[in-house]
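Written below as C-alpha cells is the structure these notes are about.
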Amino acid sequence: MANLKTSEKKSKAQSMGLHTEVLTGKTQQKFFNPDEAENFYYFGTYDVDFNKRTEIDVKNMDCREANKKIDELMKDGYGTIVIKNPQGKHSLGVGILNKLNLIFEGSLGYFGCGSMDGPIVRINGRVGWSCAENMMAGKVVIEKNAGSCFGAAIRGGDLICKGSVGARTGIDQKGGTIIIGGDAGAFTGFMMQRGRIIILGDVGINLGDSMYDGTIFVGGKIGSFGSDAVEAELTDSDQDWLKRKLKVAEIGENFDVSKMTKVVAGKKLWNYDALEPTEKKGAI
Amino acid sequence: MPKKKVKKKVKSKEIKGQLGKKKETAREKMIGQTIGYRYDVNLLPDYSRLTPFLKKYIEAMGWDDLNWLEDVHMGYEENRPAVFDRNANGWVTIPSKIKLPNNQQDRDMIARELLVKFQMSPNHPLVDLKKAYLKF
C-alpha cells in the first residue's frame with residue numbers, strides 16, 4: 001500500500017511547520033473474488049430498462065438543462081430516451097456513464113456525445129466538430145455526415161458515420177473503432193496511438209501522419225501517406241473481423257473487404273527509451 | 001544393497017516464442033526495462049473464443065460485440081500476468097491459481113472477463129472514490 005515516508009530527524013523546515021511528504025510505494029493491494037461479481041452492475045450507475053421509453057423536446061432547453069433531464073430520466077429507470085428538436089445544439093448527450101438507448105431526432109452541434117461510457121446512441125442527422133470525443137465505451141451511429149476531429153481521442157467503443165467526415169478523424173485515438181461509410185478528409189488518424197479506423201470511401205492527404213500504433217483500413221483511394229504510416233498485409237483474421245464489424249455497423253455489409261488497404265505505423269518514431277534512468281543518472 | 005533411486009531432474013521445456021518470454025536485448029538488459037510490448041496490442045479478437053461470461057456481459061450491455069473490451073489484452077506487471085484497469089489507472093495482477101494458456105486470444109479473453117468482474121466488484125477502488133467524491 002502507498003504510505004508516507006516519515007523521517008525521525010526534524011529539519012529546520014519541519015520544526016517551523018513546513019515539510020514535504022515523500023510518497024513511497026505506488027501499488028495497492030485489493031482482493032476480490034471473481035465469482036462475486038456476476039451481477040452486471042457498475043457501482044453508482046442507474047439500473048435502467050431498455051423497454052421503458054420516453055421522449056423529450058429540447059427546443060427550449062439549453063445543453064445543461066437537456067443533459068440534466070437525460071440524467072433524471074435515467075434515474076427514473078428509462079432505458080430508451082428520444083430527444084426531439086436538438087437543433088444543432090452543442091455538447092448534447094455528454095458524460096453519460098450508463099447503459100442507455102439514446103436517439104436524437106435531428107442534428108447535433110460541436111462536441112456531441114463526448115466523454116461517454118456505455119450508451120448506444122443514434123443520431124438521425126449530422127454532427128459538428130469533435131463528435132464523441134474521449135468516448136470510453138458504447139456505440140454511436142450517425143446517419144448523415146460529420147465534421148472535423150470526428151472521434152478525437154476516443155479510448156473505446158464503436159463510432160460509426162454512415163456519410164462522410166471532415167479532417168483529422170481519430171486524432172490522438174487511443175482505442176476503439178471508427179467506421180466511416182463515405183470519404184474522410186486530410187490527416188485522418190493523425191497521431192493515433194491505438195485502435196482501428198475503417199474508411200469505405202476515399203481518404204485525403206497525410207493518412208496516419210505521425211501514428212505511433214493502431215490500424216487503418218481504407219476501401220477507396222488514399223491521397224497520400226503521412227509521416228511513418230506504411231502499408232501492411234491484410235490477413236484472413238483482419239478480413240473476418242472487418243466483415244463482422246461492418247455488419248454490426250449496419251453499413252457495407254456486402255463490401256469486398258479483401259480489396260481494402262491496411263495501414264499501420266512504421267514505428268520509426270518510437271523513441272520510448274531515449275531518456276532511460278541510466279542516462280538520466282549519467283547526465284546528473 | 002538396493003540402489004537408491006535417483007530422481008531425474010526434468011527441465012521445463014522452453015517453448016520458442018512463448019508469450020512474455022522473449023530474449024532480452026542488450027539494451028533492455030542495460031536499462032533493466034522492457035522496450036515495447038511483449039504481446040500484440042493490435043491483435044483483433046477471435047469471437048469464436050468468447051467465454052460464457054463475456055457473452056452474458058455483451059447481452060446485458062445491449063452491444064453487438066466486445067465493444068471497448070476489444071482493446072483489452074493480457075499484459076505484464078513486474079513479470080507477472082496482469083491486465084490494465086483504466087478506471088483504477090493501474091495493473092490488476094492475475095491470481096496465480098488461474099492457469100493461463102499459451103495462446104494470446106484465450107489469454108485476452110480471460111483478461112477481459114477478469115477485468116469486467118473486478119470493475120463490478122464492491123472492492124474496486126472506484127467504489128470508495130465515488131462514495132467520497134461523487135457530486136451528482
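We label chains A, B, ... in the order they appear in the C-alpha cells, count residues from 1 in each chain, and number ligands from 1 in the order shown.
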DSSP on the backbone: which residues in chain B end up as strand (DSSP E)? Give the answer as a short mmCIF file (atom, residue, chain, number, x, y, z; two decimals) with N, CA and C atoms, in the first residue's frame.
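File written: result_11.cif
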```cif
data_model
loop_
_atom_site.label_atom_id
_atom_site.label_comp_id
_atom_site.auth_asym_id
_atom_site.auth_seq_id
_atom_site.Cartn_x
_atom_site.Cartn_y
_atom_site.Cartn_z
N GLY B 75 -1.46 -8.28 -20.27
CA GLY B 75 -0.11 -7.70 -20.28
C GLY B 75 0.73 -8.25 -19.15
N TYR B 76 1.70 -7.49 -18.72
CA TYR B 76 2.61 -7.92 -17.65
C TYR B 76 2.90 -6.76 -16.71
N GLU B 77 2.94 -7.08 -15.44
CA GLU B 77 3.36 -6.11 -14.44
C GLU B 77 4.39 -6.79 -13.57
N ARG B 80 4.68 -10.47 -14.01
CA ARG B 80 3.52 -11.32 -13.71
C ARG B 80 2.38 -10.94 -14.66
N PRO B 81 1.60 -11.93 -15.10
CA PRO B 81 0.48 -11.60 -16.00
C PRO B 81 -0.49 -10.63 -15.32
N ALA B 82 -0.89 -9.63 -16.04
CA ALA B 82 -1.76 -8.61 -15.45
C ALA B 82 -2.58 -7.94 -16.54
N VAL B 83 -3.66 -7.30 -16.14
CA VAL B 83 -4.49 -6.57 -17.09
C VAL B 83 -4.62 -5.13 -16.60
N PHE B 84 -4.54 -4.18 -17.53
CA PHE B 84 -4.59 -2.78 -17.12
C PHE B 84 -6.03 -2.32 -16.93
N ASP B 85 -6.31 -1.76 -15.77
CA ASP B 85 -7.66 -1.25 -15.47
C ASP B 85 -7.62 0.27 -15.60
N GLY B 90 -4.33 1.41 -13.04
CA GLY B 90 -3.27 0.53 -12.54
C GLY B 90 -3.43 -0.87 -13.10
N TRP B 91 -2.41 -1.68 -12.88
CA TRP B 91 -2.43 -3.06 -13.36
C TRP B 91 -3.09 -3.95 -12.32
N VAL B 92 -3.93 -4.86 -12.78
CA VAL B 92 -4.54 -5.84 -11.89
C VAL B 92 -3.85 -7.17 -12.19
N THR B 93 -3.13 -7.71 -11.22
CA THR B 93 -2.40 -8.95 -11.48
C THR B 93 -3.34 -10.15 -11.43
#
```
For a quick test of understanding: name the residues of chain B lying within 10 Å of chain A when counting only C-alpha atoms, and present them as a ChimeraX atom specification.
/B:27-28,30-36,41-47,53,56-58,60-72,86,90-93,95,113-128,130-131,134,136
Those residues with C-alpha atoms, as a PDB file, in the first residue's frame please?
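Listing of out_7.pdb after writing:
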```
ATOM      1  CA  ARG B  27      19.813  -2.516 -24.457  1.00  0.00           C
ATOM      2  CA  GLU B  28      16.971  -3.908 -22.308  1.00  0.00           C
ATOM      3  CA  MET B  30      21.366  -2.443 -19.547  1.00  0.00           C
ATOM      4  CA  ILE B  31      18.371  -0.301 -18.658  1.00  0.00           C
ATOM      5  CA  GLY B  32      16.547  -3.082 -16.769  1.00  0.00           C
ATOM      6  CA  GLN B  33      13.300  -2.380 -18.578  1.00  0.00           C
ATOM      7  CA  THR B  34      11.400  -3.904 -21.440  1.00  0.00           C
ATOM      8  CA  ILE B  35      11.160  -1.833 -24.599  1.00  0.00           C
ATOM      9  CA  GLY B  36       7.841  -2.017 -26.418  1.00  0.00           C
ATOM     10  CA  VAL B  41      -1.576  -4.874 -28.931  1.00  0.00           C
ATOM     11  CA  ASN B  42      -3.252  -4.784 -32.330  1.00  0.00           C
ATOM     12  CA  LEU B  43      -4.497  -8.376 -32.217  1.00  0.00           C
ATOM     13  CA  LEU B  44      -8.120  -8.498 -33.335  1.00  0.00           C
ATOM     14  CA  PRO B  45     -10.364 -10.668 -31.141  1.00  0.00           C
ATOM     15  CA  ASP B  46     -11.453 -14.089 -32.326  1.00  0.00           C
ATOM     16  CA  TYR B  47     -15.156 -14.158 -31.464  1.00  0.00           C
ATOM     17  CA  PHE B  53     -19.451 -14.705 -19.026  1.00  0.00           C
ATOM     18  CA  LYS B  56     -23.749 -12.565 -20.937  1.00  0.00           C
ATOM     19  CA  TYR B  57     -21.990  -9.220 -20.385  1.00  0.00           C
ATOM     20  CA  ILE B  58     -22.411  -8.176 -24.054  1.00  0.00           C
ATOM     21  CA  ALA B  60     -26.619  -7.173 -20.611  1.00  0.00           C
ATOM     22  CA  MET B  61     -24.999  -4.036 -22.041  1.00  0.00           C
ATOM     23  CA  GLY B  62     -27.055  -4.216 -25.240  1.00  0.00           C
ATOM     24  CA  TRP B  63     -23.998  -4.310 -27.541  1.00  0.00           C
ATOM     25  CA  ASP B  64     -23.362  -6.491 -30.591  1.00  0.00           C
ATOM     26  CA  ASP B  65     -19.729  -7.264 -29.863  1.00  0.00           C
ATOM     27  CA  LEU B  66     -16.949  -6.823 -27.293  1.00  0.00           C
ATOM     28  CA  ASN B  67     -17.005  -3.047 -27.811  1.00  0.00           C
ATOM     29  CA  TRP B  68     -14.364  -1.391 -25.574  1.00  0.00           C
ATOM     30  CA  LEU B  69     -13.052  -4.781 -24.485  1.00  0.00           C
ATOM     31  CA  GLU B  70     -11.550  -5.279 -27.959  1.00  0.00           C
ATOM     32  CA  ASP B  71      -8.684  -3.107 -26.741  1.00  0.00           C
ATOM     33  CA  VAL B  72      -8.075  -5.120 -23.570  1.00  0.00           C
ATOM     34  CA  ARG B  86      -8.215   2.228 -16.885  1.00  0.00           C
ATOM     35  CA  GLY B  90      -3.274   0.534 -12.543  1.00  0.00           C
ATOM     36  CA  TRP B  91      -2.432  -3.064 -13.356  1.00  0.00           C
ATOM     37  CA  VAL B  92      -4.540  -5.845 -11.891  1.00  0.00           C
ATOM     38  CA  THR B  93      -2.395  -8.953 -11.484  1.00  0.00           C
ATOM     39  CA  PRO B  95      -4.329 -14.701  -9.402  1.00  0.00           C
ATOM     40  CA  GLU B 113     -13.512 -11.400 -18.111  1.00  0.00           C
ATOM     41  CA  LEU B 114     -11.427 -10.736 -15.001  1.00  0.00           C
ATOM     42  CA  LEU B 115     -11.289  -7.013 -15.685  1.00  0.00           C
ATOM     43  CA  VAL B 116     -15.070  -6.690 -16.026  1.00  0.00           C
ATOM     44  CA  LYS B 117     -15.577  -8.731 -12.848  1.00  0.00           C
ATOM     45  CA  PHE B 118     -13.087  -6.584 -10.972  1.00  0.00           C
ATOM     46  CA  GLN B 119     -14.720  -3.355 -12.144  1.00  0.00           C
ATOM     47  CA  MET B 120     -18.123  -4.625 -10.978  1.00  0.00           C
ATOM     48  CA  SER B 121     -16.782  -5.826  -7.634  1.00  0.00           C
ATOM     49  CA  PRO B 122     -17.631  -3.802  -4.489  1.00  0.00           C
ATOM     50  CA  ASN B 123     -13.887  -3.946  -3.736  1.00  0.00           C
ATOM     51  CA  HIS B 124     -12.986  -1.882  -6.781  1.00  0.00           C
ATOM     52  CA  PRO B 125     -11.091   1.330  -5.824  1.00  0.00           C
ATOM     53  CA  LEU B 126     -13.600   3.448  -7.761  1.00  0.00           C
ATOM     54  CA  VAL B 127     -16.361   2.482  -5.305  1.00  0.00           C
ATOM     55  CA  ASP B 128     -14.573   4.241  -2.434  1.00  0.00           C
ATOM     56  CA  LYS B 130     -17.264   7.612  -5.830  1.00  0.00           C
ATOM     57  CA  LYS B 131     -18.561   7.426  -2.262  1.00  0.00           C
ATOM     58  CA  LEU B 134     -19.340  11.874  -6.354  1.00  0.00           C
ATOM     59  CA  PHE B 136     -24.102  14.397  -8.985  1.00  0.00           C
TER      60      PHE B 136
END
```
DSSP-assigned helix (DSSP H, G or I) members of region 3-136 of chain B, reported as a PyMOL selection string:
chain B and resi 26-31+47-49+52-61+67-71+104-120+125-133
Considering only C-alpha atoms, can you say which of A:Ser130, A:Thr45, A:Asn51, A:Asn145 comes closest to Leu97 (chain A)?
A:Thr45
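Taking CA of Ser115 (chain A) as the reference point, CA of Leu92 (chain A) is found at 11.1 Å.
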Who sits within 12 Å of region 252-263 of chain A, only C-alpha atoms, same chain under 5 positions skipped, as an MDAnalysis selection string
chainID A and resid 160:163 179:182 188:189 192 196:203 206:209 211:222 224:247
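Across the model, the gap from CA of Met74 (chain B) to CA of Ala26 (chain B) is 25.3 Å.
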Near region 78-90 of chain A, within 6 Å and counting only C-alpha atoms, which residues show up once chain neighbours fewer than 4 positions away are dropped, as a ChimeraX atom specification?
/A:48-50,52-59,73-74,100-110
For C-alpha atoms, I'd like the residues from the last selection saved as a PDB file, in the first residue's frame.
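Contents of selection_26.pdb, as written:
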```pdb
ATOM      1  CA  VAL A  48     -32.362   1.194 -16.479  1.00  0.00           C
ATOM      2  CA  ASP A  49     -34.801  -0.884 -18.522  1.00  0.00           C
ATOM      3  CA  PHE A  50     -34.354  -0.714 -22.321  1.00  0.00           C
ATOM      4  CA  LYS A  52     -39.038   1.719 -20.727  1.00  0.00           C
ATOM      5  CA  ARG A  53     -39.176   4.503 -23.336  1.00  0.00           C
ATOM      6  CA  THR A  54     -39.802   8.245 -23.198  1.00  0.00           C
ATOM      7  CA  GLU A  55     -39.429  11.362 -25.360  1.00  0.00           C
ATOM      8  CA  ILE A  56     -38.270  14.885 -24.527  1.00  0.00           C
ATOM      9  CA  ASP A  57     -38.407  18.039 -26.610  1.00  0.00           C
ATOM     10  CA  VAL A  58     -35.264  20.127 -26.043  1.00  0.00           C
ATOM     11  CA  LYS A  59     -36.277  23.008 -28.332  1.00  0.00           C
ATOM     12  CA  LEU A  73     -34.858  10.142 -16.753  1.00  0.00           C
ATOM     13  CA  MET A  74     -32.126   7.516 -16.311  1.00  0.00           C
ATOM     14  CA  LEU A 100     -28.822   3.552 -22.353  1.00  0.00           C
ATOM     15  CA  ASN A 101     -30.514   3.772 -25.750  1.00  0.00           C
ATOM     16  CA  LEU A 102     -30.400   7.419 -26.786  1.00  0.00           C
ATOM     17  CA  ILE A 103     -31.969   8.616 -30.043  1.00  0.00           C
ATOM     18  CA  PHE A 104     -31.581  12.153 -31.424  1.00  0.00           C
ATOM     19  CA  GLU A 105     -34.258  13.171 -33.936  1.00  0.00           C
ATOM     20  CA  GLY A 106     -32.132  15.799 -35.681  1.00  0.00           C
ATOM     21  CA  SER A 107     -28.580  17.143 -35.903  1.00  0.00           C
ATOM     22  CA  LEU A 108     -26.045  17.971 -33.184  1.00  0.00           C
ATOM     23  CA  GLY A 109     -23.528  20.809 -32.924  1.00  0.00           C
ATOM     24  CA  TYR A 110     -19.974  20.639 -31.593  1.00  0.00           C
TER      25      TYR A 110
END
```
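With only C-alpha atoms as the atoms that count, the residue of B:Ala132, B:Asp40, B:Asn79, B:Thr51 with the shortest distance to Arg112 (chain B) is B:Thr51.
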